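What follows is a single structure, written as structure tokens, with notes after it.
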Amino acid sequence: MMVDIQHLTKFFGPVLAVSDVSLRIEANEIVGLLGNNGAGKSTLMRMLTTYLPATSGRIMVDGFDVLTQSQDVRRRIGYLPESIPLYPEMRVEEYLRFRAQLKGLQRSQVRSRIDSVLGRCRLMDVRRRLCGTLSKGFRQRVGLADALLADPALLILDEPTDGLDPGQKQEALALLRDLGREHTILFSSHLLGEVETLVSRVVILRRGHLALDKRIEELREEANRERTLRFEVRGEAKAVEAALNACATVDAVKSIAYSQLPDGWTQGELRLPGAMDPREELVRRMSTAGVGLRHIEFHRPSLQDRWNEINNRDVATLRQKTNA
Amino acid sequence: MAELNEMLSAPKADESSEPRLDGPGPSQMMEDELAMPRMVGIASVMALIIGFVAVGFGLQDRSFAIGPGLGLLFMIAGLTGLVVHAFMEEDATLRLAFFGAGVVGALAGTGVLFLSDWSVAGRALGAIIAFVALPLLLSVARGSSAQQPVLGFVPRGLLIAGIALLTIGLAWLFRLSERGEFENIGLPLVLSALGGAYFLGVLGFLGWESELGNRSGWLATLGGLAIALLALLRSLAHEAGWWPALGSAYFVPGGYLIVLVSLLLAGASYATVSDRPTLVVARRELEAFFYSPIAYFVLISFALATWFSYQNFLGNLAEGRVLEPILNYYVIELFLIICLLFSVPLITMRLLSEEMRAGTLEVLLTAPVDETAVVLGKFLAAFVMFMSLWLPFALYLLSLPVAAQPGFDFRPLLSFAVVLSATGAGFVAMGLLFSAVSSNQLVAGALTLVGMIGLLVPYILQFRLMETSGWGTVLNHISFLSGWESALEGKLIPRQLVFSLSLTVFCLFCAGKALESRKWK
């Protein structure tokens, strides 16, 4: 097991930044760490990289304790902070050479490692540029190159796609996907959509608490189980209900959530069990009954919906849930 | 209707399906045009010729449009411009010309040093030309790589030349020390300095990665340490009476100088090729100093302040109103001290404050590097920077024997160098501590300035208190200027070093703790 976080808590004075978080990351997993700003993502990452000590709890990285064996831990991680700090007066190549020396790379390997990460992160064109003159996307790539220099087993990336334009985002995600084959990656993000396509596990923090920790396959199965049928109708209520009753259970029909649309149509959402697909029959019945039906689709709760649900719950409920 | 059918059945236009993998690239880099460096080169050659003629005329006491002093300035400006041009030139023929000029300069300059019937001024000029020849020769070696093995001989040749000069210089020093003859000590010192500059210059040029550099560096480190040990043992043997030399003293000045030169060589070589994190941090920090305008500002203003002091000193000497120790009139000068008070904060204020402000401390301390290594490395870099402030000071003094024979008794400078290093270490450590506790450079700088003034106060107070209470003596031991004064008399009083050294250790320790304390906030 790569990372073992046990009951991690961090107080900054009176402020509780991280509260009793326990997490395990296996080798070669890509874990997406999500959360609002201030949820504790960066703090968690900083504790993992040995920059901050925890108030209580324990973190083991590859079998080494972060507090007592911090040098061993640092040799096994590559870290990219959110602010991507670079020395503006150094050239990209010089900066990477400095970092390579600092990380204890062998003299004979330095040149080839630098060339390798420059190629991997598409920095060949800017290797002689001053770091202070780089745009955000390139700074991010340089930071990532630095994290990759010593070929660490664990990559910890704080918002690696933040602030990139769409093209750069695609590239960055592709690169992460590629890296995920050889390294364990923990990265934080705001963009749920991109996280879904990339990760093998999703972890959501809310106000310092661990709100969700599930594999992406589990999330998809749950989403499938909770799918609903959305439709937009216009016409007599009785006719609508009759059609619906013929296609689904009474209880399901009773618990339909209706909402009025501005142009006179009504939107409804029907919860369906299992693999039922009554769309064709529903359309036939409704049109026979003279009900107007203009939209019918399946809707699976996305990660966005899970996210909204978590963020709308209050913290007390969360605490209960995690303790349960 | 038919059009609608057509449109509906037409195949969907291929809207640039896959994203171009290169994406929008970085902005174009235009190749530097060569017109500018070439203009600089031409102007430099002109300045060089004018300056050379002016100096030549001045040496022969003939009048010329500009005086020899200004002529020297022209020469130096011309040589600098020439070096700048050499590094930016691409044309093969011109580069070959520079190489030729470099070789001629190196050989002629070094050769002139040995011509004893030339005046000291002429030989000093030769030394300057030999020094400047080094970057000219290196400018040709730049760009040499595995694909251009032919140019690989330049660094090798220069390394050998450096070692050769060092060997001659050090052997000469050993010989002088045995015989106790120190009037001509200037020449072997210059030869050693020249050899050291060549060797270390090439070492720096080759960089940490080069195998050749690494081997040479280790050779120089071990060799330098061995020679220093040899000189120390020899001095000990003389003092203990087992093997007396011809002169009355071996260590002062001969042995001291040999130890100094060889330890500097060993230290600088080791620092350039070592893998240790402390030295990695120190190297980067020293580079970063010279990328910022503050370094040049401090160097130039300190050089100007020293020059001002020197003029006053010369004025006093000329009118004969000096008492021993003479050098007091050079060093304990108000303007120079004030400049020193401001220089230290300017050097040290950005050491850790900048890292904290920019966030680079986070990536520095999450690399497998100790806080201790970071603190020590930055201290070393700032200390080297501080000591390099005093280079013009030494050069001005060297011009004394050039202007007026015979030379002067330079031995107090040996003790002054020791005391200066100790007090300098204290200043720099204090500055580093203040930089570690504040993420704002200006606050750190202001605190350091206050600290420097505080360190000056004991000197002023001690005279008043000396008669009335014992506090005067205490203040005498604390005050760094008192230490400087006794050093300039030729005395090395350990009591006066204790405070500076304790301050150094204390401040470095606290700076390390300050870094670690971020953990427990």
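Ordering of the structure tokens sets the chain letters (A, B, ...), residue numbers begin anew at 1 in every chain, and ligands are numbered from 1 in the order given.
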query: What are the DSSP helix (DSSP H, G or I) residues of range 202-234 of chain A, as a list in words?
result: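 Taking range 202-234 of chain A and keeping helix (DSSP H, G or I) only, one gets Ile216, Glu217, Glu218, Leu219, Arg220, Glu221, Glu222, Ala223, Asn224 and Arg225 of chain A.
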Restricting it to N, CA and C atoms, dump the selection as a CSV table (one decimal), in the first residue's frame.
chain,number,residue,atom,x,y,z
A,216,ILE,N,-14.4,4.7,-8.7
A,216,ILE,CA,-15.2,5.3,-9.7
A,216,ILE,C,-16.2,4.3,-10.2
A,217,GLU,N,-15.9,3.0,-10.2
A,217,GLU,CA,-16.8,2.0,-10.7
A,217,GLU,C,-18.0,1.9,-9.7
A,218,GLU,N,-17.7,2.0,-8.4
A,218,GLU,CA,-18.9,1.9,-7.4
A,218,GLU,C,-19.8,3.1,-7.7
A,219,LEU,N,-19.2,4.3,-7.9
A,219,LEU,CA,-20.0,5.5,-8.2
A,219,LEU,C,-20.9,5.3,-9.4
A,220,ARG,N,-20.3,4.7,-10.4
A,220,ARG,CA,-21.1,4.5,-11.6
A,220,ARG,C,-22.3,3.5,-11.4
A,221,GLU,N,-22.0,2.4,-10.6
A,221,GLU,CA,-23.0,1.5,-10.3
A,221,GLU,C,-24.1,2.1,-9.6
A,222,GLU,N,-23.8,2.9,-8.5
A,222,GLU,CA,-24.8,3.6,-7.7
A,222,GLU,C,-25.6,4.5,-8.6
A,223,ALA,N,-24.9,5.2,-9.5
A,223,ALA,CA,-25.6,6.1,-10.4
A,223,ALA,C,-26.6,5.4,-11.2
A,224,ASN,N,-26.2,4.2,-11.7
A,224,ASN,CA,-27.1,3.5,-12.5
A,224,ASN,C,-28.3,3.0,-11.8
A,225,ARG,N,-28.0,2.6,-10.5
A,225,ARG,CA,-29.1,2.1,-9.7
A,225,ARG,C,-30.1,3.3,-9.4
message: List the spatial neighbours of range 179-185 of chain A as a ChimeraX atom specification - criterion: any atom at most 7 Å away, only C-alpha atoms, same-chain residues fewer than 4 positions off excluded.
response: /A:27-31,153-156,175
task: Return the single residue from A:Arg97, A:Thr68, A:Val291, A:Gly208 that is closest to Thr9 in chain A, with distances computed using only C-alpha atoms.
output: A:Gly208
message: Excluding range 423-440 of chain B and its own-chain neighbours fewer than 4 positions away, which residues fall within 8 Å of it when counting only C-alpha atoms? Please give them as a count of residues only.
response: 38
- request: Find the residue from B:Phe313, B:Pro188, B:Ser388, B:Trp307 that sits nearest to Trp172 in chain B; use only C-alpha atoms when measuring.
  value: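 Closest to Trp172 in chain B of all the choices is B:Pro188.
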Enumerate, in order of chain and increasing residue number, the residues of chain A with an atom no farther than 7 Å from chain B, each with its shortest atom pair and distance in Å to one decimal, counting only C-alpha atoms, as a tab-separated table.
residue	atom	partner	partner_atom	distance
A:Phe12	CA	B:Lys521	CA	6.9
A:Thr49	CA	B:Thr366	CA	6.2
A:Thr50	CA	B:Thr366	CA	6.5
A:Tyr51	CA	B:Thr366	CA	6.0
A:Leu52	CA	B:Lys519	CA	5.3
A:Pro53	CA	B:Lys519	CA	5.9
A:Gln71	CA	B:Pro368	CA	5.2
A:Arg74	CA	B:Pro368	CA	5.2
A:Arg75	CA	B:Pro368	CA	5.7
A:Pro85	CA	B:Thr360	CA	5.0
A:Leu86	CA	B:Thr360	CA	6.4
A:Glu89	CA	B:Tyr291	CA	6.7
A:Gln101	CA	B:Val280	CA	6.7
A:Leu102	CA	B:Pro277	CA	5.9
A:Lys103	CA	B:Pro368	CA	5.9
A:Arg107	CA	B:Glu209	CA	5.7
A:Gly167	CA	B:Gly23	CA	6.9
- request: Within 12 Å of Val474 in chain B, counting only C-alpha atoms, which residues show up once you throw out same-chain ones fewer than 6 positions away? Write them as a count of residues only, please.
  value: 13
query: CA of Phe74 in chain B and CA of Gly56 in chain B are how many Å apart?
result: 12.7 Å
task: List the neighbours of Arg294 in chain A out to 8 Å using only C-alpha atoms; skip same-chain residues closer than 2 positions along the sequence, and give me the result as a ChimeraX atom specification.
output: /A:231-233,292,296
task: Find the spatial neighbours of range 308-310 of chain A, counting only C-alpha atoms, within a cut-off of 9 Å - ignore same-chain residues fewer than 3 positions away - and output them as a ChimeraX atom specification.
output: /A:204,206,211-212,303-305,313-314,318
Can you write out the residues you just picked, keeping C-alpha atoms, as an mmCIF file, in the first residue's frame?
data_model
loop_
_atom_site.group_PDB
_atom_site.id
_atom_site.type_symbol
_atom_site.label_atom_id
_atom_site.label_comp_id
_atom_site.auth_asym_id
_atom_site.auth_seq_id
_atom_site.Cartn_x
_atom_site.Cartn_y
_atom_site.Cartn_z
ATOM 1 C CA ILE A 204 -14.401 14.420 -1.464
ATOM 2 C CA ARG A 206 -16.037 18.963 3.039
ATOM 3 C CA ALA A 211 -17.393 13.108 2.864
ATOM 4 C CA LEU A 212 -16.873 10.521 0.167
ATOM 5 C CA LEU A 303 -20.588 13.354 -9.839
ATOM 6 C CA GLN A 304 -21.883 16.927 -9.879
ATOM 7 C CA ASP A 305 -25.109 15.750 -8.284
ATOM 8 C CA ARG A 313 -25.721 18.348 3.842
ATOM 9 C CA ASP A 314 -24.635 20.032 7.007
ATOM 10 C CA LEU A 318 -21.420 14.334 7.760
#
message: One number please: CA of Ser262 in chain B to CA of Leu134 in chain B, in Å, one decimal.
response: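 Going from CA of Ser262 in chain B over to CA of Leu134 in chain B, I get 20.6 Å.
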field: Near-Leu48 in chain A list (9 Å; only C-alpha atoms; drop same-chain fewer than 6 positions) as a PyMOL selection string
entry: chain A and resi 3+5+59-61+66+73+156
Go ahead and write the residues just picked, C-alpha atoms, as a compact mmCIF listing (two decimals), in the first residue's frame.
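See part.txt below for the written result:
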# COMPACT_ATOMS: atom_id res chain seq x y z
CA VAL A 3 -0.21 5.84 1.36
CA ILE A 5 -3.49 8.09 6.38
CA ILE A 59 0.66 9.23 7.72
CA MET A 60 2.73 6.43 6.25
CA VAL A 61 4.07 6.78 2.74
CA VAL A 66 6.01 11.22 7.51
CA VAL A 73 9.34 10.11 2.38
CA ILE A 156 1.11 14.82 -5.35
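With only C-alpha atoms as the basis for measurement, A:Thr55 is the residue among A:Ser116, A:Thr55, A:Ser259, A:Thr43 that approaches Gly13 in chain A most closely.
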field: d(CA of Ile84 in chain A, CA of Phe98 in chain A) in Å
entry: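 Straight-line distance from CA of Ile84 in chain A to CA of Phe98 in chain A works out to 15.9 Å.
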